[in-house]
$ cat input-v7.tsv   # TSV, C-alpha atoms
chain	number	residue	atom	x	y	z
S	1	MET	CA	22.09	94.56	58.03
S	2	LYS	CA	20.59	93.55	54.70
S	3	LEU	CA	18.77	90.22	54.49
S	4	ILE	CA	21.31	88.72	52.07
S	5	ASP	CA	24.12	89.62	54.46
S	6	ALA	CA	22.22	88.06	57.37
S	7	VAL	CA	21.75	84.87	55.34
S	8	GLU	CA	25.45	84.71	54.51
S	9	ARG	CA	26.35	85.28	58.16
S	10	ALA	CA	23.95	82.56	59.29
S	11	ALA	CA	25.32	80.18	56.67
S	12	ALA	CA	28.84	80.78	57.96
S	13	ARG	CA	27.67	79.99	61.50
S	14	LEU	CA	26.02	76.76	60.36
S	15	ASP	CA	29.12	75.71	58.45
S	16	ALA	CA	31.42	76.52	61.36
S	17	ALA	CA	29.22	74.50	63.72
S	18	GLY	CA	29.30	71.46	61.44
S	19	VAL	CA	25.54	70.89	61.38
S	20	GLY	CA	24.18	68.13	59.16
S	21	PHE	CA	21.92	68.68	56.17
S	22	GLY	CA	19.66	66.42	54.13
S	23	HIS	CA	16.20	67.35	55.41
S	24	GLY	CA	15.16	69.65	52.61
S	25	THR	CA	18.47	71.38	51.95
S	26	THR	CA	21.95	70.15	51.11
S	27	ASN	CA	24.09	73.14	52.11
S	28	ALA	CA	24.44	75.88	54.70
S	29	PHE	CA	23.36	78.78	52.48
S	30	ASP	CA	20.04	77.19	51.47
S	31	GLU	CA	19.36	76.15	55.06
S	32	ALA	CA	20.10	79.66	56.34
S	33	ALA	CA	17.83	81.20	53.70
S	34	TRP	CA	15.01	78.82	54.66
S	35	LEU	CA	15.30	79.59	58.36
S	36	LEU	CA	15.56	83.37	57.96
S	37	LEU	CA	12.77	83.72	55.42
S	38	TRP	CA	10.49	81.60	57.59
S	39	ARG	CA	11.29	83.57	60.74
S	40	LEU	CA	10.58	86.84	58.92
S	41	GLY	CA	7.28	85.53	57.56
S	42	LEU	CA	8.41	85.80	53.96
S	43	PRO	CA	7.77	83.29	51.14
S	44	LEU	CA	10.56	80.76	50.89
S	45	ASP	CA	11.22	81.73	47.27
S	46	ALA	CA	11.48	85.45	48.06
S	47	LEU	CA	15.21	85.76	48.73
S	48	ASP	CA	16.05	87.39	45.40
S	49	ASP	CA	13.25	89.92	45.75
S	50	GLU	CA	13.96	90.67	49.42
S	51	ALA	CA	17.77	90.41	49.42
S	52	GLY	CA	18.27	94.14	49.94
S	53	ARG	CA	15.73	94.45	52.74
S	54	GLU	CA	17.18	96.05	55.88
S	55	LEU	CA	16.52	94.05	59.04
S	56	GLY	CA	15.54	95.86	62.19
S	57	ASP	CA	17.21	95.07	65.50
S	58	ALA	CA	14.33	92.86	66.66
S	59	GLU	CA	14.30	90.96	63.36
S	60	GLN	CA	18.05	90.43	63.51
S	61	ALA	CA	17.79	89.14	67.07
S	62	ALA	CA	14.97	86.78	66.08
S	63	VAL	CA	16.85	85.23	63.17
S	64	ASP	CA	20.05	84.94	65.21
S	65	ASP	CA	18.12	83.13	67.93
S	66	LEU	CA	16.64	80.67	65.43
S	67	VAL	CA	20.06	79.85	63.98
S	68	THR	CA	21.37	79.40	67.53
S	69	GLN	CA	18.56	76.91	68.19
S	70	ARG	CA	19.41	75.02	65.00
S	71	ILE	CA	23.04	74.72	66.06
S	72	ALA	CA	22.45	73.95	69.74
S	73	THR	CA	19.71	71.35	69.30
S	74	ARG	CA	20.79	69.76	66.01
S	75	ARG	CA	17.09	69.40	65.22
S	76	PRO	CA	16.29	69.46	61.49
S	77	ALA	CA	15.13	72.86	60.32
S	78	ALA	CA	11.73	71.38	59.44
S	79	TYR	CA	11.12	70.59	63.10
S	80	LEU	CA	11.87	74.21	63.99
S	81	THR	CA	9.55	75.60	61.32
S	82	GLY	CA	6.91	72.87	61.56
S	83	GLU	CA	6.84	72.52	57.80
S	84	ALA	CA	8.64	70.72	54.99
S	85	TRP	CA	8.17	70.85	51.23
S	86	LEU	CA	8.02	67.95	48.79
S	87	GLN	CA	7.45	68.41	45.06
S	88	GLY	CA	6.40	71.99	45.67
S	89	LEU	CA	3.78	71.18	48.30
S	90	PRO	CA	4.00	72.10	52.00
S	91	PHE	CA	3.48	69.43	54.66
S	92	HIS	CA	3.19	69.72	58.41
S	93	VAL	CA	5.95	67.89	60.28
S	94	ASP	CA	7.08	67.48	63.85
S	95	GLU	CA	9.14	64.99	65.86
S	96	ARG	CA	6.47	62.30	65.50
S	97	VAL	CA	7.51	61.70	61.87
S	98	ILE	CA	10.64	61.75	59.78
S	99	VAL	CA	11.04	64.81	57.57
S	100	PRO	CA	9.52	63.90	54.16
S	101	ARG	CA	12.16	63.47	51.48
S	102	SER	CA	11.21	60.26	49.69
S	103	LEU	CA	12.59	59.96	46.18
S	104	ILE	CA	9.40	58.13	45.23
S	105	ALA	CA	7.87	61.61	45.06
S	106	GLU	CA	10.10	62.34	42.07
S	107	VAL	CA	8.95	59.15	40.34
S	108	LEU	CA	5.31	60.13	40.85
S	109	ALA	CA	6.02	63.60	39.46
S	110	ASP	CA	8.02	62.58	36.39
S	111	GLY	CA	5.80	59.63	35.44
S	112	SER	CA	8.74	57.26	35.00
S	113	ALA	CA	6.80	54.33	36.50
S	114	GLU	CA	3.75	54.75	34.26
S	115	PRO	CA	4.99	52.51	31.40
S	116	TRP	CA	4.75	49.57	33.83
S	117	LEU	CA	1.19	50.37	34.91
S	118	ALA	CA	-1.44	48.44	32.98
S	119	GLU	CA	-3.83	51.36	33.39
S	120	GLU	CA	-4.43	54.33	35.66
S	121	PRO	CA	-4.38	52.96	39.22
S	122	ARG	CA	-7.70	52.93	41.03
S	123	ARG	CA	-6.50	51.47	44.33
S	124	ILE	CA	-3.17	52.62	45.80
S	125	LEU	CA	-1.44	51.60	49.02
S	126	ASP	CA	1.15	53.82	50.71
S	127	LEU	CA	2.98	51.67	53.26
S	128	CYS	CA	4.89	53.43	56.06
S	129	THR	CA	3.10	56.65	55.17
S	130	GLY	CA	4.67	58.76	57.94
S	131	ASN	CA	3.33	62.28	57.55
S	132	GLY	CA	1.22	61.19	54.58
S	133	SER	CA	3.08	63.12	51.90
S	134	LEU	CA	3.32	60.28	49.35
S	135	ALA	CA	-0.33	59.39	49.88
S	136	VAL	CA	-1.28	63.01	49.21
S	137	LEU	CA	0.90	63.21	46.10
S	138	ALA	CA	-0.55	59.96	44.77
S	139	ALA	CA	-4.11	61.12	45.38
S	140	LEU	CA	-3.39	64.36	43.53
S	141	ALA	CA	-1.66	62.54	40.67
S	142	TRP	CA	-4.61	60.17	40.14
S	143	PRO	CA	-7.82	62.00	41.08
S	144	ALA	CA	-9.99	58.90	40.58
S	145	ALA	CA	-7.89	56.71	42.88
S	146	GLN	CA	-8.64	55.60	46.42
S	147	VAL	CA	-5.52	55.54	48.61
S	148	ASP	CA	-4.92	53.48	51.74
S	149	ALA	CA	-2.10	54.98	53.84
S	150	THR	CA	-0.79	52.79	56.65
S	151	ASP	CA	1.72	53.14	59.43
S	152	LEU	CA	2.59	51.29	62.63
S	153	SER	CA	2.77	54.61	64.50
S	154	ALA	CA	-0.48	56.18	65.68
S	155	ASP	CA	1.47	59.40	66.26
S	156	ALA	CA	2.58	59.47	62.62
S	157	LEU	CA	-0.99	58.92	61.45
S	158	ALA	CA	-2.14	61.90	63.51
S	159	VAL	CA	0.31	64.05	61.54
S	160	ALA	CA	-0.79	62.43	58.27
S	161	GLN	CA	-4.41	63.30	59.07
S	162	ARG	CA	-3.48	66.98	59.22
S	163	ASN	CA	-1.83	66.77	55.82
S	164	VAL	CA	-4.56	64.89	53.97
S	165	GLU	CA	-7.05	67.45	55.27
S	166	ARG	CA	-4.74	70.33	54.41
S	167	HIS	CA	-4.55	69.21	50.78
S	168	GLY	CA	-8.23	68.37	50.39
S	169	VAL	CA	-7.89	64.62	49.81
S	170	ALA	CA	-9.31	63.27	53.08
S	171	ASP	CA	-12.29	61.83	51.19
S	172	ARG	CA	-9.98	59.61	49.11
S	173	VAL	CA	-7.12	58.82	51.50
S	174	ARG	CA	-7.95	56.34	54.24
S	175	LEU	CA	-5.47	56.21	57.13
S	176	ARG	CA	-5.03	52.84	58.81
S	177	GLN	CA	-2.78	51.73	61.67
S	178	GLY	CA	-0.93	48.43	61.52
S	179	ASP	CA	2.33	46.62	60.85
S	180	GLY	CA	3.16	46.27	57.18
S	181	LEU	CA	0.46	44.70	55.06
S	182	ALA	CA	-1.63	43.82	58.13
S	183	ALA	CA	-3.41	47.17	57.91
S	184	SER	CA	-4.22	46.88	54.21
S	185	GLN	CA	-7.38	45.47	52.65
S	186	GLY	CA	-7.95	43.84	49.29
S	187	ARG	CA	-5.74	44.18	46.25
S	188	TYR	CA	-3.92	47.22	44.93
S	189	ASP	CA	-2.90	48.42	41.49
S	190	LEU	CA	0.05	50.40	42.89
S	191	VAL	CA	1.94	50.08	46.16
S	192	LEU	CA	4.32	52.80	47.37
S	193	CYS	CA	6.74	51.99	50.15
S	194	ASN	CA	9.48	54.08	51.74
S	195	PRO	CA	10.19	51.70	54.64
S	196	PRO	CA	12.76	51.72	57.43
S	197	TYR	CA	15.80	50.52	55.48
S	198	VAL	CA	18.92	51.94	57.14
S	199	ASN	CA	21.28	49.13	58.13
S	200	ARG	CA	22.38	48.84	61.74
S	201	ALA	CA	25.96	50.01	61.21
S	202	SER	CA	24.76	53.07	59.31
S	203	MET	CA	22.19	53.81	62.03
S	204	GLN	CA	24.99	54.08	64.55
S	205	ALA	CA	26.87	56.54	62.34
S	206	LEU	CA	23.96	58.86	61.50
S	207	PRO	CA	24.44	62.60	62.12
S	208	ALA	CA	22.56	64.07	65.07
S	209	GLU	CA	19.87	65.55	62.81
S	210	PHE	CA	18.87	62.09	61.63
S	211	ARG	CA	19.01	60.68	65.15
S	212	ALA	CA	16.45	63.34	66.11
S	213	GLU	CA	13.93	61.52	63.90
S	214	PRO	CA	11.90	58.48	65.03
S	215	ALA	CA	14.21	55.47	64.84
S	216	LEU	CA	11.18	53.29	64.09
S	217	ALA	CA	10.95	54.91	60.67
S	218	LEU	CA	14.65	54.48	59.85
S	219	ASP	CA	16.07	51.31	61.42
S	220	GLY	CA	15.90	48.40	58.97
S	221	GLY	CA	17.86	45.89	61.05
S	222	ALA	CA	21.27	44.36	60.48
S	223	ASP	CA	21.20	44.68	56.67
S	224	GLY	CA	18.30	47.12	56.35
S	225	MET	CA	15.95	44.50	54.96
S	226	ASP	CA	13.91	43.52	58.04
S	227	PHE	CA	10.71	45.22	56.83
S	228	ILE	CA	11.28	44.41	53.18
S	229	ARG	CA	11.63	40.62	53.52
S	230	PRO	CA	8.06	39.91	54.70
S	231	LEU	CA	6.72	42.61	52.40
S	232	LEU	CA	8.08	40.99	49.25
S	233	ARG	CA	7.06	37.54	50.46
S	234	ASP	CA	3.43	38.51	51.07
S	235	LEU	CA	2.82	41.27	48.54
S	236	PRO	CA	1.94	39.20	45.42
S	237	ALA	CA	-1.33	38.17	47.06
S	238	ARG	CA	-2.19	41.84	47.61
S	239	LEU	CA	-1.38	43.15	44.13
S	240	SER	CA	-3.91	43.24	41.31
S	241	PRO	CA	-2.97	41.55	38.03
S	242	GLY	CA	-0.48	43.94	36.49
S	243	GLY	CA	0.08	45.56	39.89
S	244	VAL	CA	3.31	47.43	40.62
S	245	LEU	CA	5.45	48.11	43.68
S	246	LEU	CA	7.61	51.25	44.00
S	247	LEU	CA	10.13	50.65	46.77
S	248	GLU	CA	12.78	53.01	48.12
S	249	VAL	CA	15.98	51.48	49.54
S	250	GLY	CA	18.24	54.54	49.69
S	251	HIS	CA	21.88	53.53	49.88
S	252	GLU	CA	21.05	49.87	50.46
S	253	ARG	CA	21.06	48.53	46.89
S	254	GLY	CA	23.92	46.19	47.71
S	255	HIS	CA	22.07	44.71	50.67
S	256	PHE	CA	18.88	44.47	48.62
S	257	GLU	CA	20.57	42.59	45.81
S	258	ALA	CA	22.29	40.26	48.27
S	259	ALA	CA	18.99	39.46	49.99
S	260	PHE	CA	16.90	39.16	46.82
S	261	ALA	CA	19.30	37.90	44.17
S	262	HIS	CA	16.46	36.02	42.45
S	263	LEU	CA	14.54	39.20	41.68
S	264	GLN	CA	15.05	41.42	38.64
S	265	PRO	CA	13.86	44.89	39.63
S	266	VAL	CA	13.81	47.94	37.41
S	267	TRP	CA	15.98	50.63	38.99
S	268	LEU	CA	14.53	54.08	38.35
S	269	SER	CA	16.51	57.28	37.93
S	270	THR	CA	16.13	59.97	40.58
S	271	SER	CA	18.11	63.00	41.69
S	272	ALA	CA	20.09	60.61	43.93
S	273	GLY	CA	21.10	58.37	41.02
S	274	ASP	CA	19.87	55.00	39.78
S	275	ASP	CA	20.25	52.98	42.97
S	276	ALA	CA	17.66	54.30	45.42
S	277	VAL	CA	14.20	53.47	44.02
S	278	LEU	CA	13.18	50.22	42.36
S	279	LEU	CA	10.10	48.90	40.63
S	280	LEU	CA	8.77	45.35	40.81
S	281	THR	CA	5.69	44.02	39.06
S	282	ARG	CA	3.43	41.35	40.51
S	283	GLU	CA	4.83	39.00	37.89
S	284	ASN	CA	8.40	39.75	39.03
S	285	LEU	CA	7.50	38.97	42.61
S	286	ALA	CA	5.49	35.86	41.88

$ encode --input "input-v7.tsv" --output "structure tokens"
Amino acid sequence: MKLIDAVERAAARLDAAGVGFGHGTTNAFDEAAWLLLWRLGLPLDALDDEAGRELGDAEQAAVDDLVTQRIATRRPAAYLTGEAWLQGLPFHVDERVIVPRSLIAEVLADGSAEPWLAEEPRRILDLCTGNGSLAVLAALAWPAAQVDATDLSADALAVAQRNVERHGVADRVRLRQGDGLAASQGRYDLVLCNPPYVNRASMQALPAEFRAEPALALDGGADGMDFIRPLLRDLPARLSPGGVLLLEVGHERGHFEAAFAHLQPVWLSTSAGDDAVLLLTRENLA
């Protein structure tokens, strides 16, 4: 069987099983291609070049087994491969962290927040860093910056340590354990935060793949704002003059606006629309 035929067969199996996507892919074909290329030890962008490759019996059995695991366990593909990609960079992941997919990464890449920055940030805080991907991307975007990356979970920080070392920024990214701003020190020019923001009703309706992730990193309480309320209350004292917050709220814009009707955030465009990532300046918050 040719590789392209094996991918199409695997995609049909994933579709028929009703697995959930959203951890790096959005459809069965892309997920099947990712799994098969990884299992065969091929680059993840090699499908076009390798489409006509004939699979041996052992290779076919190996890819079939991996797809069977994906269906039976409902674990995100990134947990099976141990790797996820964000803005073209690979990051180690496992069940200690959610699979990195923050839309803030797009904002860092496209520079859409830069008009609100008084100057190039020298001190950056990445709250709820998880596997450290945003901290790494920020350190690479601003090579002169020092980045504090904090998380309540010591397990998550152990994964983040692997990633900051992998990408050569361990000398500029300091990992700190603590709840919210408690682990931060001093003032920051830029704060990134992809917090737990899923509201309680939505948590109960999440597909199995999302329930396989640490609930601590997802569950934002009744309206999704449990972490965000104390953050916005206390953050002005931790922002430099002209400092900026980039905050992801996913599908919770309605709950955010209900909870913080007095604020006037700038909603930034991402691939998910104009409702998922917002920007607040220190002046807005104060």

$ residues_around --input "input-v7.tsv" --residues "Val99 in chain S" --least-positions-apart "6" --cutoff "12 Å" --atoms "only C-alpha atoms" --output "ChimeraX atom specification"
/S:21-25,75-86,90-93,129-133,156,159,209-214,217-218

$ closest_residue --input "input-v7.tsv" --among "S:Leu42, S:Leu280, S:Ile124, S:Ala6" --to "Asp57 in chain S" --atoms "all atoms listed in the file"
S:Ala6

$ closest_residue --input "input-v7.tsv" --among "S:Thr270, S:Gln69, S:Gln185, S:Asn194" --to "Ser112 in chain S" --atoms "only C-alpha atoms"
S:Thr270

$ axis_aligned_box --input "input-v7.tsv" --around "range 87-103 of chain S" --padding-each-side "6 Å" --output "JSON"
{"center_x": 7.9, "center_y": 66.0, "center_z": 55.5, "size_x": 21.4, "size_y": 24.1, "size_z": 32.8}

$ closest_residue --input "input-v7.tsv" --among "S:Ala160, S:Leu134, S:Asp94, S:Val169" --to "Gln146 in chain S" --atoms "all atoms listed in the file"
S:Val169

$ residues_around --input "input-v7.tsv" --residues "Gly273 in chain S" --least-positions-apart "4" --cutoff "12 Å" --atoms "only C-alpha atoms" --output "number ranges by chain"
S: 103, 106, 250-251, 253, 267-269, 277-278

$ closest_residue --input "input-v7.tsv" --among "S:Arg101, S:His255, S:Arg174, S:Arg123" --to "Arg200 in chain S" --atoms "only C-alpha atoms"
S:His255

$ residues_near_point --input "input-v7.tsv" --point "(21.2, 73.6, 55.6)" --cutoff "12 Å" --atoms "only C-alpha atoms" --output "ChimeraX atom specification"
/S:7-8,10-15,17-36,67,70-71,74-78,209

$ atom_distance --input "input-v7.tsv" --atom1 "CA of Asp49 in chain S" --atom2 "CA of Met1 in chain S"
15.8 Å

$ closest_residue --input "input-v7.tsv" --among "S:Ala109, S:Leu140, S:Trp116, S:Leu206" --to "Val266 in chain S" --atoms "all atoms listed in the file"
S:Trp116

$ closest_residue --input "input-v7.tsv" --among "S:Ala135, S:Ala261, S:Val164, S:Cys128" --to "Leu231 in chain S" --atoms "all atoms listed in the file"
S:Cys128

$ residues_around --input "input-v7.tsv" --residues "Pro195 in chain S" --least-positions-apart "2" --cutoff "8 Å" --atoms "all atoms listed in the file" --output "list in words"
Leu127, Cys128, Cys193, Tyr197, Ala217, Leu218, Gly220, Phe227, Ile228, Leu247, Glu248 and Val249 of chain S

$ atom_distance --input "input-v7.tsv" --atom1 "CA of Ala138 in chain S" --atom2 "CA of Asp234 in chain S"
22.7 Å

$ atom_distance --input "input-v7.tsv" --atom1 "CA of Ala222 in chain S" --atom2 "CA of Phe260 in chain S"
15.3 Å

$ residues_around --input "input-v7.tsv" --residues "Leu239 in chain S" --least-positions-apart "4" --cutoff "7 Å" --atoms "only C-alpha atoms" --output "PyMOL selection string"
chain S and resi 187-189+235+243+282

$ residues_around --input "input-v7.tsv" --residues "Asp155 in chain S" --least-positions-apart "2" --cutoff "8 Å" --atoms "all atoms listed in the file" --output "list in words"
Arg96, Val97, Ser153, Leu157, Ala158 and Val159 of chain S

$ residues_near_point --input "input-v7.tsv" --point "(3.8, 47.6, 36.5)" --cutoff "10 Å" --atoms "only C-alpha atoms" --output "ChimeraX atom specification"
/S:113-119,189-190,241-246,279-284
